[in-house]
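Q: Attaching a single structure in structure tokens format; questions to follow.
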Amino acid sequence: ILALIVLATMLLGLCGCDALEEIFESDPKTFSKGSFSITLNEDFKKGDADTYENSYAFYESEYVHVMVMHESYEELEIEEDDCTLDDYIEAMLDANNRTGANVKEDGDCKYITYSNLEDGETMFYKVYFYKGAEGFYTVNFITPMDNLDQYAEKFEQWAESVDVG
């Protein structure tokens, strides 16, 4: 039995941590509100949207928060065709004093990244922007900087799952 345990440990060591991570990967879990939906995983639960001022929806796990902001065309007092996603992103960056932020593209998704010191801990933010049938959505993925390597690919995967109708 001891020989089998040693052999199994060696094989898992050769396979690497990625193999172990796949074995223990959480199942997908989709959250929806209005015409917005996102697929995260079962580690997340719906949080209190009031956690972040003016958020539309909020989802949380032990190490990641996902904050969703929504501005309808009606609230913005515009028609859908009056403003492109790029126009909206520029206006959002200006309104939040992030005019120097570099907007990047990941497939069909546009995003920015930044970090901020909060309560003595550096937090990493990856913020995606979407244009939907009812308005604009901003999805913030937030995690302590120490966890960035663990969640960077997941943020991309989760961002690609967003549907804004």
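In the structure tokens, chains take letters A, B, ... by order of appearance, with residues numbered from 1 within each chain and ligands from 1 in the order shown.
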What's around A:Leu117 at 10 Å? Count only C-alpha atoms, leave out sequence neighbours fewer than 4 positions away in its own chain, and write the answer as a ChimeraX atom specification.

A: /A:121-124,144-145

Q: Since we have the selection now, will you write its residues out, keeping N, CA and C atoms, as a compact mmCIF listing (two decimals), in the first residue's frame?

A:
# COMPACT_ATOMS: atom_id res chain seq x y z
N GLU A 121 -4.05 46.34 1.81
CA GLU A 121 -3.86 45.23 0.87
C GLU A 121 -4.03 45.75 -0.56
N THR A 122 -3.13 45.36 -1.46
CA THR A 122 -3.23 45.77 -2.85
C THR A 122 -4.22 44.86 -3.56
N MET A 123 -5.25 45.49 -4.12
CA MET A 123 -6.30 44.77 -4.84
C MET A 123 -6.11 44.96 -6.34
N PHE A 124 -6.34 43.90 -7.10
CA PHE A 124 -6.26 43.94 -8.55
C PHE A 124 -7.67 44.01 -9.12
N PRO A 144 -7.35 40.10 -4.36
CA PRO A 144 -6.07 40.57 -3.85
C PRO A 144 -4.96 40.27 -4.87
N MET A 145 -4.00 41.17 -4.99
CA MET A 145 -2.92 41.03 -5.97
C MET A 145 -2.20 39.69 -5.81

Q: Taking 5 positions as the minimum chain separation for residues in the same chain, which residues sit within 12 Å of stretch 88-95 of chain A when counting only C-alpha atoms? Answer as a PyMOL selection string.

A: chain A and resi 69-73+76+78+80-83+100-104+109-114+127-131+135-138

Q: Residues near A:Ile38, anyone? I mean within 6 Å using only C-alpha atoms, not counting same-chain ones fewer than 3 positions away, as a PyMOL selection string.

A: chain A and resi 30-31+161-162

Q: From the list A:Asp87, A:Glu118, A:Glu42, A:Asp163, which residue is nearest A:Gly132 when using only C-alpha atoms?

A: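 For A:Gly132, the nearest of the candidates is A:Asp163.
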
Q: Which parts of chain A does DSSP call strand (DSSP E) when run on the backbone here, written out as a PyMOL selection string?

A: chain A and resi 28-33+36-41+45-46+57-60+65-72+104-106+109-118+121-131+135-144
